[in-house]
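Next comes coords25.cif, a file with mmCIF, C-alpha atoms and all ligand atoms; chains and numbers go by the auth columns.
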```cif
data_upload
#
loop_
_atom_site.group_PDB
_atom_site.id
_atom_site.type_symbol
_atom_site.label_atom_id
_atom_site.label_comp_id
_atom_site.label_asym_id
_atom_site.label_seq_id
_atom_site.Cartn_x
_atom_site.Cartn_y
_atom_site.Cartn_z
_atom_site.B_iso_or_equiv
_atom_site.auth_seq_id
_atom_site.auth_asym_id
ATOM 1 C CA GLY A 1 -20.589 9.610 -31.636 0.00 1312 A
ATOM 2 C CA SER A 2 -18.976 11.443 -28.747 0.00 1313 A
ATOM 3 C CA TRP A 3 -16.766 14.549 -28.963 0.00 1314 A
ATOM 4 C CA TYR A 4 -13.519 12.571 -28.833 0.00 1315 A
ATOM 5 C CA ASP A 5 -14.353 10.299 -31.800 0.00 1316 A
ATOM 6 C CA ALA A 6 -13.381 13.123 -34.160 0.00 1317 A
ATOM 7 C CA ASP A 7 -9.840 13.208 -32.698 0.00 1318 A
ATOM 8 C CA ILE A 8 -9.222 9.481 -33.154 0.00 1319 A
ATOM 9 C CA GLU A 9 -7.542 8.143 -36.273 0.00 1320 A
ATOM 10 C CA ARG A 10 -8.006 4.480 -35.513 0.00 1321 A
ATOM 11 C CA VAL A 11 -9.551 2.347 -32.780 0.00 1322 A
ATOM 12 C CA ILE A 12 -7.036 -0.154 -31.377 0.00 1323 A
ATOM 13 C CA ILE A 13 -9.147 -1.915 -28.747 0.00 1324 A
ATOM 14 C CA SER A 14 -12.923 -1.589 -28.549 0.00 1325 A
ATOM 15 C CA GLU A 15 -15.085 -1.132 -25.486 0.00 1326 A
ATOM 16 C CA GLN A 16 -16.425 -4.673 -25.841 0.00 1327 A
ATOM 17 C CA GLN A 17 -12.942 -6.172 -26.189 0.00 1328 A
ATOM 18 C CA ILE A 18 -11.892 -4.384 -22.999 0.00 1329 A
ATOM 19 C CA ARG A 19 -14.937 -5.646 -21.127 0.00 1330 A
ATOM 20 C CA ASP A 20 -14.400 -9.262 -22.212 0.00 1331 A
ATOM 21 C CA LYS A 21 -10.692 -9.168 -21.423 0.00 1332 A
ATOM 22 C CA ILE A 22 -11.217 -7.781 -17.935 0.00 1333 A
ATOM 23 C CA ALA A 23 -13.675 -10.577 -17.146 0.00 1334 A
ATOM 24 C CA GLU A 24 -11.040 -13.068 -18.335 0.00 1335 A
ATOM 25 C CA LEU A 25 -8.269 -11.472 -16.258 0.00 1336 A
ATOM 26 C CA ALA A 26 -10.479 -11.430 -13.156 0.00 1337 A
ATOM 27 C CA LYS A 27 -11.210 -15.122 -13.640 0.00 1338 A
ATOM 28 C CA GLN A 28 -7.493 -15.948 -13.761 0.00 1339 A
ATOM 29 C CA VAL A 29 -6.618 -13.823 -10.730 0.00 1340 A
ATOM 30 C CA SER A 30 -9.571 -15.257 -8.821 0.00 1341 A
ATOM 31 C CA ALA A 31 -8.503 -18.850 -9.525 0.00 1342 A
ATOM 32 C CA ASP A 32 -4.856 -18.169 -8.603 0.00 1343 A
ATOM 33 C CA HIS A 33 -5.797 -16.447 -5.340 0.00 1344 A
ATOM 34 C CA ALA A 34 -8.799 -18.498 -4.232 0.00 1345 A
ATOM 35 C CA ASP A 35 -6.828 -19.546 -1.138 0.00 1346 A
ATOM 36 C CA ALA A 36 -5.958 -16.006 -0.009 0.00 1347 A
ATOM 37 C CA ALA A 37 -7.255 -16.032 3.572 0.00 1348 A
ATOM 38 C CA ASP A 38 -7.088 -12.257 4.004 0.00 1349 A
ATOM 39 C CA GLY A 39 -7.882 -11.495 0.389 0.00 1350 A
ATOM 40 C CA VAL A 40 -5.789 -9.507 -2.020 0.00 1351 A
ATOM 41 C CA LEU A 41 -4.660 -5.905 -1.876 0.00 1352 A
ATOM 42 C CA LEU A 42 -5.130 -4.131 -5.186 0.00 1353 A
ATOM 43 C CA VAL A 43 -2.754 -1.233 -5.696 0.00 1354 A
ATOM 44 C CA CYS A 44 -4.004 1.056 -8.439 0.00 1355 A
ATOM 45 C CA VAL A 45 -1.397 3.168 -10.198 0.00 1356 A
ATOM 46 C CA LEU A 46 -3.071 6.531 -10.668 0.00 1357 A
ATOM 47 C CA LYS A 47 -4.091 8.180 -12.761 0.00 1358 A
ATOM 48 C CA GLY A 48 -3.965 5.943 -15.813 0.00 1359 A
ATOM 49 C CA ALA A 49 -5.266 2.802 -14.115 0.00 1360 A
ATOM 50 C CA VAL A 50 -8.385 4.410 -12.669 0.00 1361 A
ATOM 51 C CA MET A 51 -10.820 2.913 -15.203 0.00 1362 A
ATOM 52 C CA PHE A 52 -9.180 -0.499 -15.171 0.00 1363 A
ATOM 53 C CA MET A 53 -9.123 -0.600 -11.369 0.00 1364 A
ATOM 54 C CA ALA A 54 -12.825 0.152 -11.114 0.00 1365 A
ATOM 55 C CA ASP A 55 -13.849 -2.428 -13.711 0.00 1366 A
ATOM 56 C CA PHE A 56 -11.336 -5.091 -12.694 0.00 1367 A
ATOM 57 C CA ALA A 57 -12.133 -4.863 -8.966 0.00 1368 A
ATOM 58 C CA ARG A 58 -15.838 -5.206 -9.730 0.00 1369 A
ATOM 59 C CA GLU A 59 -15.276 -8.311 -11.843 0.00 1370 A
ATOM 60 C CA LEU A 60 -12.933 -9.858 -9.269 0.00 1371 A
ATOM 61 C CA GLY A 61 -15.494 -9.046 -6.597 0.00 1372 A
ATOM 62 C CA ARG A 62 -18.087 -11.275 -8.244 0.00 1373 A
ATOM 63 C CA LEU A 63 -15.715 -14.246 -8.068 0.00 1374 A
ATOM 64 C CA GLY A 64 -13.604 -13.607 -4.957 0.00 1375 A
ATOM 65 C CA PRO A 65 -11.389 -13.555 -3.044 0.00 1376 A
ATOM 66 C CA PRO A 66 -12.329 -10.256 -1.365 0.00 1377 A
ATOM 67 C CA SER A 67 -10.063 -7.370 -2.233 0.00 1378 A
ATOM 68 C CA GLU A 68 -9.024 -4.093 -0.690 0.00 1379 A
ATOM 69 C CA MET A 69 -8.095 -1.025 -2.687 0.00 1380 A
ATOM 70 C CA GLU A 70 -5.037 1.153 -2.308 0.00 1381 A
ATOM 71 C CA PHE A 71 -4.026 3.978 -4.600 0.00 1382 A
ATOM 72 C CA MET A 72 -0.630 5.308 -5.516 0.00 1383 A
ATOM 73 C CA ALA A 73 0.040 8.128 -7.897 0.00 1384 A
ATOM 74 C CA VAL A 74 3.308 8.171 -9.746 0.00 1385 A
ATOM 75 C CA SER A 75 4.236 10.047 -12.860 0.00 1386 A
ATOM 76 C CA SER A 76 6.986 9.501 -15.359 0.00 1387 A
ATOM 77 C CA TYR A 77 5.569 11.131 -18.462 0.00 1388 A
ATOM 78 C CA GLY A 78 4.493 14.602 -17.410 0.00 1389 A
ATOM 79 C CA GLN A 79 3.073 16.422 -20.419 0.00 1390 A
ATOM 80 C CA GLY A 80 5.121 14.621 -23.047 0.00 1391 A
ATOM 81 C CA THR A 81 4.531 11.509 -25.099 0.00 1392 A
ATOM 82 C CA THR A 82 7.696 9.647 -24.097 0.00 1393 A
ATOM 83 C CA SER A 83 8.766 8.423 -20.679 0.00 1394 A
ATOM 84 C CA SER A 84 11.261 10.627 -18.887 0.00 1395 A
ATOM 85 C CA GLY A 85 12.446 7.713 -16.789 0.00 1396 A
ATOM 86 C CA VAL A 86 12.172 9.899 -13.700 0.00 1397 A
ATOM 87 C CA VAL A 87 9.442 8.481 -11.480 0.00 1398 A
ATOM 88 C CA ARG A 88 7.896 10.771 -8.888 0.00 1399 A
ATOM 89 C CA ILE A 89 5.561 9.680 -6.076 0.00 1400 A
ATOM 90 C CA LEU A 90 2.630 12.076 -6.131 0.00 1401 A
ATOM 91 C CA LYS A 91 0.560 10.020 -3.680 0.00 1402 A
ATOM 92 C CA ASP A 92 1.871 7.240 -1.461 0.00 1403 A
ATOM 93 C CA LEU A 93 0.100 4.194 0.038 0.00 1404 A
ATOM 94 C CA ASP A 94 -2.166 5.008 2.978 0.00 1405 A
ATOM 95 C CA ARG A 95 -1.621 1.719 4.776 0.00 1406 A
ATOM 96 C CA ASP A 96 0.942 -0.883 5.665 0.00 1407 A
ATOM 97 C CA ILE A 97 1.239 -3.612 3.023 0.00 1408 A
ATOM 98 C CA ALA A 98 3.535 -5.902 5.029 0.00 1409 A
ATOM 99 C CA GLY A 99 2.497 -9.555 4.731 0.00 1410 A
ATOM 100 C CA ARG A 100 -0.192 -8.837 2.129 0.00 1411 A
ATOM 101 C CA ARG A 101 -0.714 -10.356 -1.297 0.00 1412 A
ATOM 102 C CA VAL A 102 -0.335 -7.290 -3.448 0.00 1413 A
ATOM 103 C CA ILE A 103 -1.595 -7.044 -7.002 0.00 1414 A
ATOM 104 C CA VAL A 104 -0.469 -3.933 -8.819 0.00 1415 A
ATOM 105 C CA VAL A 105 -3.153 -2.719 -11.205 0.00 1416 A
ATOM 106 C CA GLU A 106 -1.603 -0.836 -14.137 0.00 1417 A
ATOM 107 C CA ASP A 107 -3.164 0.406 -17.348 0.00 1418 A
ATOM 108 C CA ILE A 108 -0.093 0.015 -19.540 0.00 1419 A
ATOM 109 C CA VAL A 109 3.485 -1.201 -19.511 0.00 1420 A
ATOM 110 C CA ASP A 110 5.423 0.832 -22.041 0.00 1421 A
ATOM 111 C CA SER A 111 9.176 1.164 -21.333 0.00 1422 A
ATOM 112 C CA GLY A 112 8.632 -0.673 -18.022 0.00 1423 A
ATOM 113 C CA LEU A 113 10.391 2.117 -16.110 0.00 1424 A
ATOM 114 C CA THR A 114 7.405 3.030 -13.939 0.00 1425 A
ATOM 115 C CA LEU A 115 6.644 -0.545 -12.998 0.00 1426 A
ATOM 116 C CA SER A 116 10.198 -1.697 -12.334 0.00 1427 A
ATOM 117 C CA TRP A 117 10.644 1.259 -10.014 0.00 1428 A
ATOM 118 C CA LEU A 118 7.309 0.619 -8.319 0.00 1429 A
ATOM 119 C CA LEU A 119 7.951 -3.091 -7.788 0.00 1430 A
ATOM 120 C CA LYS A 120 11.229 -2.347 -6.005 0.00 1431 A
ATOM 121 C CA TYR A 121 9.443 0.195 -3.874 0.00 1432 A
ATOM 122 C CA LEU A 122 6.653 -2.243 -2.899 0.00 1433 A
ATOM 123 C CA GLU A 123 9.184 -4.997 -2.172 0.00 1434 A
ATOM 124 C CA SER A 124 10.913 -2.680 0.264 0.00 1435 A
ATOM 125 C CA ARG A 125 7.584 -2.353 2.104 0.00 1436 A
ATOM 126 C CA GLY A 126 7.475 -6.082 2.889 0.00 1437 A
ATOM 127 C CA ALA A 127 4.538 -7.437 0.899 0.00 1438 A
ATOM 128 C CA ALA A 128 4.091 -11.236 1.080 0.00 1439 A
ATOM 129 C CA SER A 129 3.832 -11.380 -2.698 0.00 1440 A
ATOM 130 C CA ILE A 130 3.649 -8.842 -5.488 0.00 1441 A
ATOM 131 C CA GLU A 131 2.124 -9.498 -8.881 0.00 1442 A
ATOM 132 C CA VAL A 132 1.101 -7.229 -11.691 0.00 1443 A
ATOM 133 C CA VAL A 133 -2.028 -7.110 -13.790 0.00 1444 A
ATOM 134 C CA ALA A 134 -1.653 -4.767 -16.756 0.00 1445 A
ATOM 135 C CA LEU A 135 -4.397 -4.228 -19.298 0.00 1446 A
ATOM 136 C CA PHE A 136 -2.006 -3.201 -22.075 0.00 1447 A
ATOM 137 C CA ARG A 137 1.631 -3.807 -22.877 0.00 1448 A
ATOM 138 C CA LYS A 138 3.878 -2.577 -25.684 0.00 1449 A
ATOM 139 C CA PRO A 139 6.405 -5.392 -26.131 0.00 1450 A
ATOM 140 C CA GLU A 140 8.503 -3.412 -28.633 0.00 1451 A
ATOM 141 C CA ALA A 141 8.947 -0.461 -26.267 0.00 1452 A
ATOM 142 C CA ILE A 142 10.307 -2.327 -23.263 0.00 1453 A
ATOM 143 C CA LYS A 143 13.573 -0.911 -21.860 0.00 1454 A
ATOM 144 C CA VAL A 144 13.762 -2.688 -18.513 0.00 1455 A
ATOM 145 C CA PRO A 145 12.540 -6.244 -17.993 0.00 1456 A
ATOM 146 C CA VAL A 146 9.525 -6.484 -15.671 0.00 1457 A
ATOM 147 C CA GLU A 147 7.528 -9.535 -14.754 0.00 1458 A
ATOM 148 C CA VAL A 148 3.874 -8.990 -15.530 0.00 1459 A
ATOM 149 C CA ARG A 149 1.881 -12.027 -14.526 0.00 1460 A
ATOM 150 C CA TYR A 150 -1.399 -10.982 -16.112 0.00 1461 A
ATOM 151 C CA VAL A 151 -1.490 -9.074 -19.405 0.00 1462 A
ATOM 152 C CA GLY A 152 -4.635 -8.045 -21.248 0.00 1463 A
ATOM 153 C CA PHE A 153 -3.439 -6.980 -24.693 0.00 1464 A
ATOM 154 C CA ASP A 154 -0.083 -6.647 -26.387 0.00 1465 A
ATOM 155 C CA ILE A 155 -0.333 -3.597 -28.624 0.00 1466 A
ATOM 156 C CA PRO A 156 1.949 -1.901 -31.167 0.00 1467 A
ATOM 157 C CA SER A 157 4.350 0.772 -29.996 0.00 1468 A
ATOM 158 C CA GLU A 158 2.250 3.792 -30.901 0.00 1469 A
ATOM 159 C CA PHE A 159 1.027 6.559 -28.634 0.00 1470 A
ATOM 160 C CA VAL A 160 -2.486 5.512 -27.642 0.00 1471 A
ATOM 161 C CA VAL A 161 -5.184 7.201 -25.583 0.00 1472 A
ATOM 162 C CA GLY A 162 -8.414 6.250 -23.884 0.00 1473 A
ATOM 163 C CA TYR A 163 -9.621 4.041 -21.042 0.00 1474 A
ATOM 164 C CA GLY A 164 -7.383 5.916 -18.597 0.00 1475 A
ATOM 165 C CA LEU A 165 -4.524 6.616 -21.009 0.00 1476 A
ATOM 166 C CA ASP A 166 -3.997 10.327 -21.571 0.00 1477 A
ATOM 167 C CA PHE A 167 -2.412 12.816 -23.880 0.00 1478 A
ATOM 168 C CA ALA A 168 -1.643 15.908 -21.779 0.00 1479 A
ATOM 169 C CA GLU A 169 -4.286 14.747 -19.231 0.00 1480 A
ATOM 170 C CA ARG A 170 -7.031 14.402 -21.826 0.00 1481 A
ATOM 171 C CA TYR A 171 -8.872 11.462 -23.418 0.00 1482 A
ATOM 172 C CA ARG A 172 -8.811 9.359 -20.221 0.00 1483 A
ATOM 173 C CA GLU A 173 -12.614 9.169 -20.195 0.00 1484 A
ATOM 174 C CA MET A 174 -12.863 7.478 -23.598 0.00 1485 A
ATOM 175 C CA PRO A 175 -14.351 3.977 -23.201 0.00 1486 A
ATOM 176 C CA TYR A 176 -12.069 2.504 -25.894 0.00 1487 A
ATOM 177 C CA VAL A 177 -8.392 2.835 -26.849 0.00 1488 A
ATOM 178 C CA GLY A 178 -7.278 4.525 -30.037 0.00 1489 A
ATOM 179 C CA VAL A 179 -4.550 6.423 -31.858 0.00 1490 A
ATOM 180 C CA LEU A 180 -4.875 10.201 -32.062 0.00 1491 A
ATOM 181 C CA LYS A 181 -4.886 12.010 -35.384 0.00 1492 A
ATOM 182 C CA PRO A 182 -1.549 13.771 -36.022 0.00 1493 A
ATOM 183 C CA GLU A 183 -3.233 17.188 -36.131 0.00 1494 A
ATOM 184 C CA VAL A 184 -4.251 16.782 -32.494 0.00 1495 A
ATOM 185 C CA TYR A 185 -0.574 16.786 -31.457 0.00 1496 A
ATOM 186 C CA ALA A 186 0.113 19.745 -33.714 0.00 1497 A
ATOM 187 C CA ARG A 187 -2.689 21.684 -31.980 0.00 1498 A
ATOM 188 C CA SER A 188 -0.997 21.531 -28.571 0.00 1499 A
HETATM 189 C C1 LIG B . 1.727 6.103 -17.894 0.00 1501 B
HETATM 190 C C2 LIG B . 0.946 4.811 -17.760 0.00 1501 B
HETATM 191 C C3 LIG B . 1.879 3.925 -16.955 0.00 1501 B
HETATM 192 C C4 LIG B . 3.250 4.369 -17.424 0.00 1501 B
HETATM 193 C C5 LIG B . 3.802 3.378 -18.414 0.00 1501 B
HETATM 194 O O1 LIG B . 1.598 6.856 -16.705 0.00 1501 B
HETATM 195 O O2 LIG B . -0.258 5.040 -17.066 0.00 1501 B
HETATM 196 O O3 LIG B . 1.733 4.167 -15.580 0.00 1501 B
HETATM 197 O O4 LIG B . 3.069 5.652 -18.062 0.00 1501 B
HETATM 198 O O5 LIG B . 4.993 3.851 -18.998 0.00 1501 B
HETATM 199 P P1 LIG B . 6.418 3.206 -18.750 0.00 1501 B
HETATM 200 O O6 LIG B . 6.277 1.712 -18.811 0.00 1501 B
HETATM 201 O O7 LIG B . 7.254 3.729 -19.909 0.00 1501 B
HETATM 202 O O8 LIG B . 6.948 3.683 -17.450 0.00 1501 B
HETATM 203 P P2 LIG B . 1.997 8.405 -16.629 0.00 1501 B
HETATM 204 O O9 LIG B . 3.377 8.517 -16.104 0.00 1501 B
HETATM 205 O O10 LIG B . 1.715 9.053 -17.948 0.00 1501 B
HETATM 206 O O11 LIG B . 1.021 8.987 -15.518 0.00 1501 B
HETATM 207 P P3 LIG B . -0.585 8.886 -15.543 0.00 1501 B
HETATM 208 O O12 LIG B . -0.928 7.460 -15.229 0.00 1501 B
HETATM 209 O O13 LIG B . -1.030 9.808 -14.485 0.00 1501 B
HETATM 210 O O14 LIG B . -1.041 9.281 -16.913 0.00 1501 B
HETATM 211 MN MN MN B . 0.266 5.745 -15.197 0.00 1502 B
HETATM 212 MG MG MG B . 0.038 9.686 -18.584 0.00 1503 B
#
```

Mind turning the file's structure into structure tokens?
Amino acid sequence: GSWYDADIERVIISEQQIRDKIAELAKQVSADHADAADGVLLVCVLKGAVMFMADFARELGRLGPPSEMEFMAVSSYGQGTTSSGVVRILKDLDRDIAGRRVIVVEDIVDSGLTLSWLLKYLESRGAASIEVVALFRKPEAIKVPVEVRYVGFDIPSEFVVGYGLDFAERYREMPYVGVLKPEVYARS
């Protein structure tokens, strides 16, 4: 195994499950947007969505329509394990999104605070349509209602890491999603 396996108590979603689900999500998005004349604009929410963006865009690319990639970095968690509710823009869009079909690519919807803030922000920039594809969602943790058109997995409300999800900036590179052993928190 890899170095991180020793820190994981339990695997929640395997590498293979993630791969299969992303192919499924890309198929749905492709079918729904087959008529998009100027393609879709994927907006990746850094840093957590970096893995999902790369894999999802590749899968969508096989099927079409063509996509363009934009990246925003926002942070609401900082170093902690619970959302502060304060969303900061660390990196803004590089280009105008007015008139575009925007698909926000998010790793996880937890309280929904990040996404609800981001959707309002993108609406104010005049996108033609805005939809969300989120690989994970914690239904029990939701604090503000957000419409997520495409959801990969509903998972229990536990602090999970891997496939982009971090604990204090670590474990993002894990290819699967799991729960950390309690002693890992105690260490930091
Ligand atoms: C995490 C995650 C989502 C958000 C979800 O990002 O990647 O973007 O929190 O939580 P919420 O629904 O309660 O708002 P984080 O703020 O930790 O930044 P990161 O992506 O750089 O890790
Ligand atoms: Mn994030
Ligand atoms: Mg984080």

ask   = Looking at A:Leu1357, A:Val1398, A:Ala1345, A:Val1340, which one is nearest to A:Leu1371, with distances taken over all atoms listed in the file?
value =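 Comparing A:Leu1357, A:Val1398, A:Ala1345, A:Val1340 against A:Leu1371, the winner is A:Val1340.
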
Expansion of the PyMOL selection byres (((chain A and resi 1441-1446) around 9) and not hetatm) into residues, as a ChimeraX atom specification = /A:1329,1332-1333,1336,1340,1360,1363,1411-1420,1426,1430,1433-1434,1438-1440,1447-1448,1458-1465

task = Using all atoms listed in the file, find each residue with an atom at most 8 Å away from ligand LIG 1501 (chain B) and format the answer as a ChimeraX atom specification.
result = /A:1356-1360,1384-1390,1393-1394,1396,1398,1417-1426,1452-1453,1475-1478,1480

Could you dump the residues just selected with C-alpha atoms as a short mmCIF file (atom, residue, chain, number, x, y, z; two decimals), in the frame of the given file?
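Saved as part.cif:
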```
data_model
loop_
_atom_site.label_atom_id
_atom_site.label_comp_id
_atom_site.auth_asym_id
_atom_site.auth_seq_id
_atom_site.Cartn_x
_atom_site.Cartn_y
_atom_site.Cartn_z
CA VAL A 1356 -1.40 3.17 -10.20
CA LEU A 1357 -3.07 6.53 -10.67
CA LYS A 1358 -4.09 8.18 -12.76
CA GLY A 1359 -3.96 5.94 -15.81
CA ALA A 1360 -5.27 2.80 -14.12
CA ALA A 1384 0.04 8.13 -7.90
CA VAL A 1385 3.31 8.17 -9.75
CA SER A 1386 4.24 10.05 -12.86
CA SER A 1387 6.99 9.50 -15.36
CA TYR A 1388 5.57 11.13 -18.46
CA GLY A 1389 4.49 14.60 -17.41
CA GLN A 1390 3.07 16.42 -20.42
CA THR A 1393 7.70 9.65 -24.10
CA SER A 1394 8.77 8.42 -20.68
CA GLY A 1396 12.45 7.71 -16.79
CA VAL A 1398 9.44 8.48 -11.48
CA GLU A 1417 -1.60 -0.84 -14.14
CA ASP A 1418 -3.16 0.41 -17.35
CA ILE A 1419 -0.09 0.02 -19.54
CA VAL A 1420 3.48 -1.20 -19.51
CA ASP A 1421 5.42 0.83 -22.04
CA SER A 1422 9.18 1.16 -21.33
CA GLY A 1423 8.63 -0.67 -18.02
CA LEU A 1424 10.39 2.12 -16.11
CA THR A 1425 7.40 3.03 -13.94
CA LEU A 1426 6.64 -0.55 -13.00
CA ALA A 1452 8.95 -0.46 -26.27
CA ILE A 1453 10.31 -2.33 -23.26
CA GLY A 1475 -7.38 5.92 -18.60
CA LEU A 1476 -4.52 6.62 -21.01
CA ASP A 1477 -4.00 10.33 -21.57
CA PHE A 1478 -2.41 12.82 -23.88
CA GLU A 1480 -4.29 14.75 -19.23
#
```

key: Non-local contacts of stretch 1487-1499 of chain A (9 Å; all atoms listed in the file; under 3 positions in same chain excluded) as a list in words   =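 That gives Ala1317, Asp1318, Ile1319, Glu1320, Arg1321, Val1322, Ile1323, Ile1324, Ser1325, Glu1326, Gln1327, Gln1328, Ile1329, Glu1469, Phe1470, Val1471, Val1472, Gly1473, Tyr1474, Gly1475, Leu1476, Phe1478, Ala1479 and Glu1484 of chain A.
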
ask   = So which one's closest to A:Lys1402, A:Arg1436, A:Pro1377, A:Ala1334, A:Val1354? Using all atoms listed in the file, please.
value =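 Among the listed residues, A:Val1354 lies closest to A:Lys1402.
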